[in-house]
Every structure is written in structure tokens, then in C-alpha cells.
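Each remark here refers to the structure printed beneath this line.
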Amino acid sequence: MAATPEKSRPSAFWPLAVVVVPLVGLFARIELRGAENLPREGAYVLAPNHNSEFDPLIVAVAVWRVGRAPRFMAKESLFKVPVLGAALRATGMVPVP
């Protein structure tokens with residue numbers, strides 16, 4: 001699947017993806033079904049079931065593989081964690097109280 005413009009130009013996602021995508025692949029087998037139904041451009045809401053603390057990484061890798069750069073709403077307290085908070089801000093995640 002071809003990359004969308006948001007994934008093809010350099011961004012903060014690239015260095016993170018180099019680390020996160022292979023690591024997630026060690027812990028989870030991700031099978032994508034219905035990816036053709038997701039829009040190639042523009043905003044959309046993806047609402048997966050949340051069963052564990054690992055789920056956001058699984059969903060992020062799946063969205064990355066589809067050719068999109070994922071954006072999540074995350075609880076505001078996560079943005080206060082030194083390294084994690086910097087990564088969340090750099091990748092455009094949205095804090096919610």
C-alpha cells in the first residue's frame with residue numbers, strides 16, 4: 001500500500017516507528033482486515049476496543065502499516081512523563097483532562 005503524504009514526508013513519527021514497529025512485532029502478530037475501508041486522506045475516528053495498556057501501540061502500528069500517521073487522544077497526565085510526554089507532543093497527540 002502506498003504511503004500517504006502525511007507518512008511520506010519526514011516527521012517525528014519516523015524515528016519512533018523505526019524503534020516501535022519492530023518491537024511491537026516481537027510481542028504481537030497484527031492482522032489487518034478491512035484496511036481498504038479507511039480513508040487515505042483526511043481525518044477519521046477509529047474506535048478500537050481497549051483491553052490492555054499495550055493496545056494503543058498495536059493500533060498505532062496497524063494504522064502506520066496502512067499508510068497513515070496515527071494521532072490519539074491521551075490522558076493529560078501522560079504528557080507530564082518526561083520522555084513519553086515529549087514523544088506524545090512531537091507526534092501531535094491530543095491531551096484530554
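So you can find residues: chains in the C-alpha cells are A, B, ... in the order shown, residues in each start at 1, and ligands are numbered from 1 in order.
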
So that I can check the secondary structure, give me every residue of region 19-69 of chain A assigned helix (DSSP H, G or I) by backbone DSSP, as a compact mmCIF listing (two decimals) with N, CA, C and O atoms, in the first residue's frame.
```txt
# COMPACT_ATOMS: atom_id res chain seq x y z
N VAL A 19 11.86 2.26 15.88
CA VAL A 19 12.01 1.51 17.13
C VAL A 19 10.73 0.74 17.47
O VAL A 19 10.77 -0.46 17.76
N VAL A 20 9.60 1.43 17.44
CA VAL A 20 8.34 0.86 17.93
C VAL A 20 7.80 -0.25 17.04
O VAL A 20 7.38 -1.30 17.55
N VAL A 21 7.80 -0.09 15.74
CA VAL A 21 7.20 -1.08 14.84
C VAL A 21 7.85 -2.46 14.99
O VAL A 21 7.16 -3.46 15.19
N PRO A 22 9.20 -2.56 14.95
CA PRO A 22 9.79 -3.90 15.14
C PRO A 22 9.57 -4.46 16.55
O PRO A 22 9.35 -5.67 16.70
N LEU A 23 9.60 -3.60 17.58
CA LEU A 23 9.36 -4.09 18.94
C LEU A 23 7.96 -4.66 19.10
O LEU A 23 7.78 -5.72 19.69
N VAL A 24 6.98 -3.96 18.58
CA VAL A 24 5.60 -4.45 18.66
C VAL A 24 5.48 -5.76 17.90
O VAL A 24 4.79 -6.68 18.34
N GLY A 25 6.18 -5.88 16.78
CA GLY A 25 6.17 -7.12 16.01
C GLY A 25 6.71 -8.31 16.77
O GLY A 25 6.32 -9.46 16.50
N LEU A 26 7.57 -8.07 17.75
CA LEU A 26 8.08 -9.16 18.59
C LEU A 26 7.03 -9.68 19.57
O LEU A 26 7.07 -10.83 19.96
N PHE A 27 6.12 -8.81 19.97
CA PHE A 27 5.14 -9.16 21.00
C PHE A 27 3.75 -9.48 20.47
O PHE A 27 2.95 -10.11 21.16
N ALA A 35 -8.70 -2.78 5.94
CA ALA A 35 -7.92 -1.55 5.82
C ALA A 35 -8.34 -0.72 4.61
O ALA A 35 -8.23 0.50 4.63
N GLU A 36 -8.86 -1.38 3.59
CA GLU A 36 -9.30 -0.65 2.40
C GLU A 36 -10.48 0.27 2.69
O GLU A 36 -10.80 1.16 1.91
N ASN A 37 -11.15 0.08 3.83
CA ASN A 37 -12.29 0.92 4.19
C ASN A 37 -11.89 2.22 4.88
O ASN A 37 -12.72 3.09 5.08
N ASP A 55 -2.53 -1.97 23.95
CA ASP A 55 -3.42 -1.74 22.81
C ASP A 55 -3.10 -0.49 21.99
O ASP A 55 -3.12 -0.55 20.76
N PRO A 56 -2.81 0.66 22.60
CA PRO A 56 -2.51 1.84 21.77
C PRO A 56 -1.32 1.62 20.83
O PRO A 56 -1.33 2.10 19.70
N LEU A 57 -0.31 0.88 21.29
CA LEU A 57 0.83 0.60 20.41
C LEU A 57 0.43 -0.31 19.25
O LEU A 57 0.87 -0.11 18.12
N ILE A 58 -0.40 -1.29 19.53
CA ILE A 58 -0.88 -2.20 18.48
C ILE A 58 -1.65 -1.41 17.43
O ILE A 58 -1.43 -1.56 16.22
N VAL A 59 -2.56 -0.56 17.87
CA VAL A 59 -3.37 0.23 16.95
C VAL A 59 -2.48 1.21 16.18
O VAL A 59 -2.65 1.38 14.97
N ALA A 60 -1.51 1.82 16.85
CA ALA A 60 -0.61 2.76 16.18
C ALA A 60 0.17 2.07 15.06
O ALA A 60 0.30 2.60 13.96
N VAL A 61 0.69 0.88 15.33
CA VAL A 61 1.44 0.14 14.32
C VAL A 61 0.52 -0.26 13.17
O VAL A 61 0.89 -0.15 11.99
N ALA A 62 -0.69 -0.69 13.47
CA ALA A 62 -1.64 -1.07 12.42
C ALA A 62 -1.96 0.13 11.53
O ALA A 62 -1.94 0.01 10.30
N VAL A 63 -2.20 1.28 12.13
CA VAL A 63 -2.50 2.49 11.36
C VAL A 63 -1.28 2.90 10.52
O VAL A 63 -1.41 3.28 9.36
N TRP A 64 -0.09 2.78 11.10
CA TRP A 64 1.15 3.09 10.38
C TRP A 64 1.30 2.17 9.16
O TRP A 64 1.67 2.61 8.08
N ARG A 65 1.00 0.89 9.34
CA ARG A 65 1.12 -0.07 8.23
C ARG A 65 0.13 0.22 7.11
O ARG A 65 0.37 -0.11 5.96
N VAL A 66 -0.99 0.82 7.45
CA VAL A 66 -2.00 1.18 6.45
C VAL A 66 -1.53 2.41 5.66
O VAL A 66 -2.05 2.69 4.60
```

Any idea what's packed within 12 Å of Ala90 (chain A), counting only C-alpha atoms, ignoring anything in its chain fewer than 2 positions away? Could you give it as number ranges by chain? A: 11-16, 71, 79, 83-88, 92-94

Export C-alpha atoms of the chosen residues as a PDB file, in the first residue's frame?
```pdb
ATOM      1  CA  SER A  11       8.233  13.777  10.801  1.00  0.00           C
ATOM      2  CA  ALA A  12       8.713  12.844  14.438  1.00  0.00           C
ATOM      3  CA  PHE A  13       6.970   9.555  13.655  1.00  0.00           C
ATOM      4  CA  TRP A  14       9.883   8.220  11.616  1.00  0.00           C
ATOM      5  CA  PRO A  15      12.489   7.742  14.379  1.00  0.00           C
ATOM      6  CA  LEU A  16       9.796   6.397  16.710  1.00  0.00           C
ATOM      7  CA  ARG A  71      -2.980  10.564  16.298  1.00  0.00           C
ATOM      8  CA  PHE A  79       2.109  14.285  28.805  1.00  0.00           C
ATOM      9  CA  VAL A  83      10.294  11.051  27.638  1.00  0.00           C
ATOM     10  CA  LEU A  84       6.774   9.842  26.881  1.00  0.00           C
ATOM     11  CA  GLY A  85       5.319  13.351  27.111  1.00  0.00           C
ATOM     12  CA  ALA A  86       7.900  14.724  24.696  1.00  0.00           C
ATOM     13  CA  ALA A  87       7.144  11.931  22.212  1.00  0.00           C
ATOM     14  CA  LEU A  88       3.395  12.476  22.509  1.00  0.00           C
ATOM     15  CA  GLY A  92       0.712  15.537  17.563  1.00  0.00           C
ATOM     16  CA  MET A  93      -1.201  13.533  20.146  1.00  0.00           C
ATOM     17  CA  VAL A  94      -4.059  15.354  21.866  1.00  0.00           C
TER      18      VAL A  94
END
```

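Computed from the coordinates, the CA of Phe72 (chain A) to CA of Pro48 (chain A) distance equals 11.6 Å.
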
- Query: Quick one: residues within 10 Å of Ser77 (chain A), only C-alpha atoms counted, chain neighbours fewer than 4 positions away excluded, as a list of chain:residue names?
  - Reply: A:Val81, A:Gly85, A:Pro95, A:Val96, A:Pro97

Would you mind exporting all heavy atoms of the selected residues as a compact mmCIF listing (two decimals), in the first residue's frame?
```
# COMPACT_ATOMS: atom_id res chain seq x y z
N VAL A 81 4.94 12.84 31.81
CA VAL A 81 6.03 11.86 31.93
C VAL A 81 7.14 12.33 30.99
O VAL A 81 6.89 12.53 29.80
CB VAL A 81 5.54 10.45 31.54
CG1 VAL A 81 6.67 9.45 31.60
CG2 VAL A 81 4.37 10.03 32.44
N GLY A 85 6.00 12.09 27.39
CA GLY A 85 5.32 13.35 27.11
C GLY A 85 5.91 14.07 25.92
O GLY A 85 5.19 14.61 25.07
N PRO A 95 -3.90 15.94 24.25
CA PRO A 95 -4.15 15.67 25.67
C PRO A 95 -5.61 15.92 26.04
O PRO A 95 -6.23 16.88 25.56
CB PRO A 95 -3.24 16.67 26.38
CG PRO A 95 -3.04 17.78 25.40
CD PRO A 95 -3.15 17.18 24.04
N VAL A 96 -6.17 15.05 26.87
CA VAL A 96 -7.52 15.25 27.39
C VAL A 96 -7.48 15.14 28.91
O VAL A 96 -6.78 14.30 29.46
CB VAL A 96 -8.54 14.22 26.81
CG1 VAL A 96 -8.79 14.49 25.35
CG2 VAL A 96 -8.08 12.81 27.02
N PRO A 97 -8.20 16.03 29.58
CA PRO A 97 -8.20 16.02 31.07
C PRO A 97 -8.86 14.78 31.63
O PRO A 97 -9.60 14.11 31.06
CB PRO A 97 -8.98 17.26 31.45
CG PRO A 97 -9.30 18.00 30.21
CD PRO A 97 -8.93 17.14 29.05
```

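Separating CA of Leu38 (chain A) from CA of Gly67 (chain A) is a distance of 10.2 Å.
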
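Going from CA of Ala28 (chain A) over to CA of Phe54 (chain A), you cover 9.7 Å.
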
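Nearest to Ala69 (chain A) of all the residues A:Ala17, A:His50, A:Arg89, A:Leu32 is A:Ala17, based on only C-alpha atoms.
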
Review point. How would you write, as an NGL selection string, the set of residues in chain A that DSSP gives as strand (DSSP E or B)?
Key: :A and (73-75 or 94-96)
